[in-house]
Structures are given as structure tokens and as C-alpha cells.
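Coordinates from query_15.txt are shown below (compact mmCIF, C-alpha atoms).
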# COMPACT_ATOMS: atom_id res chain seq x y z
CA GLN A 1 0.00 0.00 0.00
CA GLY A 2 1.30 3.46 -0.87
CA ARG A 3 0.58 6.81 0.71
CA PHE A 4 0.83 10.30 -0.67
CA VAL A 5 -0.03 13.89 0.15
CA HIS A 6 -2.39 15.70 -2.21
CA GLN A 7 -1.28 19.31 -2.62
CA PRO A 8 -3.93 21.35 -4.43
CA ALA A 9 -3.23 24.83 -5.82
CA HIS A 10 -5.62 26.18 -3.17
CA GLY A 11 -6.93 24.60 -0.03
CA VAL A 12 -5.74 22.05 2.50
CA PHE A 13 -3.25 19.26 1.95
CA SER A 14 -4.59 15.77 2.56
CA ILE A 15 -3.15 12.29 3.06
CA TRP A 16 -4.34 9.46 0.84
CA VAL A 17 -3.48 5.75 0.57
CA ILE A 18 -3.69 3.47 -2.45
CA ASN A 19 -2.97 -0.20 -3.10
CA ALA A 20 0.11 -1.10 -5.12
CA ASP A 21 -2.10 -2.17 -8.05
CA GLY A 22 -3.79 1.26 -8.20
CA THR A 23 -7.05 0.21 -6.55
CA GLY A 24 -8.52 1.21 -3.21
CA LEU A 25 -7.79 4.95 -3.24
CA ARG A 26 -8.86 6.33 0.17
CA ARG A 27 -8.55 9.72 1.81
CA LEU A 28 -7.28 9.51 5.41
CA SER A 29 -7.52 13.23 6.21
CA PRO A 30 -10.83 14.81 7.26
CA ALA A 31 -13.04 15.79 4.33
CA CYS A 32 -13.06 19.42 3.20
CA ALA A 33 -14.59 21.29 0.30
CA ALA A 34 -12.19 21.86 -2.60
CA GLY A 35 -10.27 25.12 -2.41
CA HIS A 36 -10.99 25.71 1.28
CA GLY A 37 -8.32 26.00 3.96
CA ILE A 38 -8.15 26.02 7.72
CA PRO A 39 -9.93 27.13 9.85
CA ASP A 40 -12.92 26.39 7.52
CA CYS A 41 -11.61 22.83 7.17
CA PRO A 42 -10.95 20.64 10.20
CA ALA A 43 -7.28 19.99 9.31
CA ASP A 44 -4.40 20.53 6.90
CA ASP A 45 -2.38 17.29 6.81
CA GLY A 46 0.53 18.21 4.58
CA GLY A 47 3.22 17.34 7.08
CA PHE A 48 5.42 14.59 5.67
CA PRO A 49 3.54 11.36 6.48
CA SER A 50 5.68 8.36 7.44
CA TRP A 51 4.74 4.68 7.85
CA SER A 52 5.69 2.82 11.02
CA PRO A 53 8.15 -0.07 10.47
CA ASP A 54 5.32 -2.61 10.90
CA GLY A 55 3.04 -0.70 8.48
CA LYS A 56 0.26 -0.35 11.07
CA HIS A 57 0.53 3.40 11.78
CA ILE A 58 1.27 6.70 10.07
CA VAL A 59 2.76 9.79 11.72
CA PHE A 60 2.34 13.25 10.19
CA GLN A 61 2.10 16.96 10.94
CA ARG A 62 -1.44 18.34 11.28
CA LEU A 63 -2.38 22.02 11.24
CA SER A 64 -5.78 23.18 12.49
CA GLY A 65 -7.63 26.12 13.95
CA ALA A 66 -7.29 29.85 13.44
CA LEU A 67 -4.47 31.58 11.60
CA ARG A 68 -2.72 34.84 12.44
CA PRO A 69 -3.10 37.47 11.18
CA LYS A 70 -6.79 37.28 10.37
CA GLY A 71 -7.31 36.49 6.69
CA ALA A 72 -3.98 34.67 6.35
CA THR A 73 -3.58 31.32 4.58
CA VAL A 74 -1.37 28.44 5.71
CA ASN A 75 1.24 29.66 3.20
CA ASN A 76 1.57 33.16 4.65
CA ALA A 77 0.39 32.81 8.26
CA GLU A 78 2.62 34.14 11.01
CA ALA A 79 1.15 31.62 13.46
CA ILE A 80 -1.24 28.65 13.52
CA TYR A 81 -3.44 27.83 16.51
CA LYS A 82 -2.69 24.09 16.54
CA ASP A 83 0.46 22.65 14.97
CA GLU A 84 0.88 19.05 16.10
CA LEU A 85 2.46 15.71 15.38
CA VAL A 86 -0.26 13.07 14.99
CA ILE A 87 -0.23 9.26 14.85
CA THR A 88 -3.11 7.35 13.28
CA ASP A 89 -3.86 3.78 12.31
CA ALA A 90 -2.86 2.98 8.74
CA ASN A 91 -6.55 3.24 7.77
CA GLY A 92 -6.80 6.79 9.18
CA ARG A 93 -8.80 5.79 12.23
CA HIS A 94 -7.96 6.61 15.84
CA PRO A 95 -5.79 9.71 15.30
CA ARG A 96 -4.08 10.90 18.46
CA THR A 97 -1.88 13.83 19.24
CA LEU A 98 1.70 12.88 19.94
CA VAL A 99 3.27 16.35 20.31
CA TRP A 100 1.46 19.67 20.80
CA LEU A 101 2.93 22.44 22.91
CA GLY A 102 -0.31 24.41 23.19
CA PRO A 103 -2.06 27.22 21.29
CA TRP A 104 0.14 29.13 18.85
CA LYS A 105 3.29 27.25 19.95
CA GLY A 106 5.73 24.94 18.22
CA ASP A 107 6.13 23.44 14.75
CA PRO A 108 6.88 19.68 14.97
CA GLN A 109 7.49 18.14 11.55
CA ILE A 110 9.34 15.56 9.43
CA ALA A 111 9.17 12.60 11.83
CA ALA A 112 11.12 9.38 11.31
CA TRP A 113 10.42 6.09 13.12
CA SER A 114 13.06 4.19 15.09
CA PRO A 115 13.64 0.71 13.64
CA ASP A 116 11.78 -0.89 16.56
CA GLY A 117 8.81 1.47 16.10
CA LYS A 118 8.95 2.69 19.72
CA GLN A 119 10.30 6.20 19.15
CA LEU A 120 10.24 9.02 16.64
CA VAL A 121 12.83 11.66 15.88
CA PHE A 122 11.48 14.90 14.40
CA LEU A 123 12.47 18.40 13.44
CA GLY A 124 11.05 21.06 15.73
CA LYS A 125 10.91 24.77 14.95
CA TYR A 126 9.74 27.49 17.33
CA MET A 127 9.64 24.81 20.03
CA THR A 128 11.41 27.09 22.53
CA SER A 129 9.49 30.26 21.65
CA LYS A 130 6.63 31.50 23.79
CA THR A 131 4.62 32.14 20.64
CA ASN A 132 4.87 30.30 17.33
CA GLY A 133 6.25 32.48 14.58
CA THR A 134 8.10 34.90 16.83
CA GLY A 135 11.50 34.83 18.42
CA CYS A 136 14.02 32.13 17.60
CA VAL A 137 13.14 29.71 14.81
CA CYS A 138 15.49 27.38 16.71
CA ARG A 139 15.57 24.38 14.37
CA THR A 140 16.36 21.41 16.61
CA LEU A 141 15.84 17.65 16.64
CA TYR A 142 13.65 16.00 19.26
CA VAL A 143 12.90 12.40 20.20
CA VAL A 144 9.58 11.24 21.62
CA ASN A 145 8.16 7.83 22.48
CA THR A 146 5.21 6.71 20.36
CA ASP A 147 2.92 6.98 23.39
CA GLY A 148 3.78 10.71 23.64
CA SER A 149 6.04 10.38 26.67
CA GLY A 150 9.74 11.15 26.95
CA LEU A 151 9.90 14.24 24.73
CA ARG A 152 13.48 15.51 24.75
CA ARG A 153 15.67 17.77 22.65
CA LEU A 154 18.65 16.11 20.92
CA THR A 155 20.49 18.97 19.25
CA PRO A 156 21.22 22.61 20.01
CA PRO A 157 19.82 25.25 17.63
CA SER A 158 23.40 26.02 16.50
CA LEU A 159 23.45 22.76 14.47
CA ALA A 160 20.41 23.94 12.45
CA PRO A 161 19.16 20.50 11.35
CA GLY A 162 17.63 20.38 7.90
CA ASP A 163 14.76 18.56 6.26
CA LYS A 164 16.29 15.07 6.18
CA VAL A 165 16.51 12.88 9.29
CA ASP A 166 16.65 9.11 9.70
CA TRP A 167 17.68 6.34 12.11
CA SER A 168 20.47 3.87 11.43
CA PRO A 169 19.14 0.34 10.78
CA ASP A 170 20.23 -0.83 14.25
CA GLY A 171 18.74 2.26 15.97
CA SER A 172 22.06 3.29 17.52
CA ALA A 173 22.49 6.54 15.57
CA ILE A 174 20.42 9.29 13.94
CA LEU A 175 21.59 10.80 10.68
CA PHE A 176 20.54 14.30 9.70
CA ARG A 177 21.50 17.13 7.40
CA THR A 178 22.37 20.55 8.76
CA HIS A 179 22.33 24.06 7.31
CA PRO A 180 25.06 26.03 9.06
CA GLY A 181 24.51 29.77 9.04
CA GLU A 182 22.25 31.05 6.30
CA ASP A 183 24.01 29.21 3.46
CA LEU A 184 21.63 26.41 2.50
CA ASN A 185 24.17 25.20 -0.10
CA ALA A 186 26.63 24.42 2.70
CA ALA A 187 24.57 21.53 4.07
CA ARG A 188 26.47 18.69 5.74
CA GLY A 189 25.52 15.38 7.28
CA ILE A 190 25.96 14.52 10.96
CA ALA A 191 25.25 11.32 12.86
CA LEU A 192 24.35 11.22 16.57
CA SER A 193 25.07 8.04 18.48
CA GLY A 194 23.40 6.69 21.58
Just dump the structure as C-alpha cells.
Amino acid sequence: QGRFVHQPAHGVFSIWVINADGTGLRRLSPACAAGHGIPDCPADDGGFPSWSPDGKHIVFQRLSGALRPKGATVNNAEAIYKDELVITDANGRHPRTLVWLGPWKGDPQIAAWSPDGKQLVFLGKYMTSKTNGTGCVCRTLYVVNTDGSGLRRLTPPSLAPGDKVDWSPDGSAILFRTHPGEDLNAARGIALSG
């Protein structure tokens, strides 16, 4: 079974699954009228969905609620009321919040499963700010257990982790790309052990 994110020109992103033979196309994200965004729609699920190692769950970033300033879209909002990391069954049922720091706070995204399926590593932005969208962007990596416990920061903001993160096959190290300074062309890879 494959999964993909539908990204329309206007409106919310949504997660879909399809069988390998092209049959069984199903939307996992909440339904929403074409061209509409949040807060009119219940959720925007464009956040990098990832299958669990056993194929029974999907983790992704979900945006919902009001946007600031009033009249903003997801693409130009300065802040989003609810920006969370969500786990759901592979069929889209039983979604539950894994990481949410509270209203207008945090930006957890790009999660990768540990090989044993018990933890996730993810990129967090604005996770140390009092209000999402203000103060330090503070790109850092975090680890959390799949039951939502044990949230902890792995890297300092000075490493500026990028948009690629993964576990080693034996789970002993995490590999990620960094963007030192403002030069995005100077990306380098780093592995954390332990």
C-alpha cells in the first residue's frame, strides 16, 4: 500500500493511501470542500507522512484552527493555533496527538520512526518560543516515544538541522542534514550516536 499527500493549488493538503495495483484509493484526512483551507476545514495534513516499520501506523504533521493574522492562509500565516504531530492507524482511524505544545506554539514536523517502532525523531521549529512564529526559529531535533512520553531535545539550535533525518538500521544513531549559518548550499551530514 502506498501513501501520498495531495497538494492542491488552493486549499488544505490531505493524506491518501492506495494499493500497489492502483485500486482502493482512500482519503485519510478529514473531508473538506475543494479550495478551502483552515480554519474552515478541520485539518491541513501536509506534514510529511511516514509509515511505522510494521506498516500499522502513520505519523504526520497536522495544522488546524485559526491563523494569524486574520485572513492569512497556511502559506503566509505568522502563526497557527494548533500545529501538532499526529499518529493514526494505517486506515486513518484513531488519530491521536503525539506532540502539541499548546495554542500558537511549536512546529513539529518531518518525523522518522526508530527501527523498533517505539520512538520518533522529528524536526522542531519554534519549540522554545513563547509564541509560534516569533522569536528564535530554533531548528532542533527532538525524540519522543510513540505513546507521547519522553519528549526531549537532541540537538542545540546552532546545528540547524535540515529537512532530512533518519535512524540507522540498528537504531544506535540518527543521521541528519544541517544548514550552518544562512548558506543552504553548505549543508552537511551529521550522525548522533546513543
Checklist entry - What's the 6 Å shell around range 23-35 of chain A, counting all atoms listed in the file, without same-chain residues fewer than 3 positions away, as a PyMOL selection string? => result chain A and resi 10-11+14-19+41+92
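For Asp163 in chain A, the set of protein, DNA and RNA residues having any atom at most 8 Å away, when counting only C-alpha atoms and skipping those fewer than 3 positions along the same chain, is Ile110, Leu123, Phe176 and Arg177 of chain A.
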From the list A:Leu101, A:Ala111, A:Gly46, A:Leu154, the nearest residue to Thr128 in chain A using only C-alpha atoms is A:Leu101
Across A:Gly2, A:Pro42, A:Gly37, A:Pro53, the smallest distance to Ala112 in chain A, with only C-alpha atoms counted, is shown by A:Pro53
Residue neighbourhood Asn145 in chain A, 9 Å, all atoms listed in the file, exclusion window fewer than 2 positions, as a PDB file with C-alpha atoms, keeping the file's coordinate frame:
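Contents of part13.pdb, freshly written:
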ATOM      1  CA  LEU A  98       1.700  12.880  19.940  1.00  0.00           C
ATOM      2  CA  LYS A 118       8.950   2.690  19.720  1.00  0.00           C
ATOM      3  CA  GLN A 119      10.300   6.200  19.150  1.00  0.00           C
ATOM      4  CA  LEU A 120      10.240   9.020  16.640  1.00  0.00           C
ATOM      5  CA  VAL A 121      12.830  11.660  15.880  1.00  0.00           C
ATOM      6  CA  VAL A 143      12.900  12.400  20.200  1.00  0.00           C
ATOM      7  CA  ASP A 147       2.920   6.980  23.390  1.00  0.00           C
ATOM      8  CA  GLY A 148       3.780  10.710  23.640  1.00  0.00           C
ATOM      9  CA  SER A 149       6.040  10.380  26.670  1.00  0.00           C
ATOM     10  CA  GLY A 150       9.740  11.150  26.950  1.00  0.00           C
ATOM     11  CA  LEU A 151       9.900  14.240  24.730  1.00  0.00           C
TER      12      LEU A 151
END
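Using only C-alpha atoms, the smallest distance between any of A:Arg96, A:Ala43, A:Val144, A:Asn75 and Pro108 in chain A comes from A:Val144.
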Can you pull out every residue within 7 Å of Ala90 in chain A, counting all atoms listed in the file, but drop anything in the same chain fewer than 6 positions away, and send it as a ChimeraX atom specification?
/A:55-58
Checklist line | Contact residues around Met127 in chain A with all atoms listed in the file at 7 Å, ignoring same-chain residues under 2 positions, as number ranges by chain | finding: A: 105-107, 124-125, 129
May I have the protein, DNA and RNA residues with an atom at most 9 Å from (0.5, 24.7, 10.2), counting only C-alpha atoms in the file's coordinates, returned as a PyMOL selection string?
chain A and resi 44-47+61-64+67+74-75+77+79-84+107
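The interatomic distance for the pair CA of Gly22 in chain A and CA of Asn91 in chain A works out to 16.3 Å.
For the pair CA of Pro157 in chain A and CA of Gly102 in chain A, the interatomic distance is 20.9 Å.
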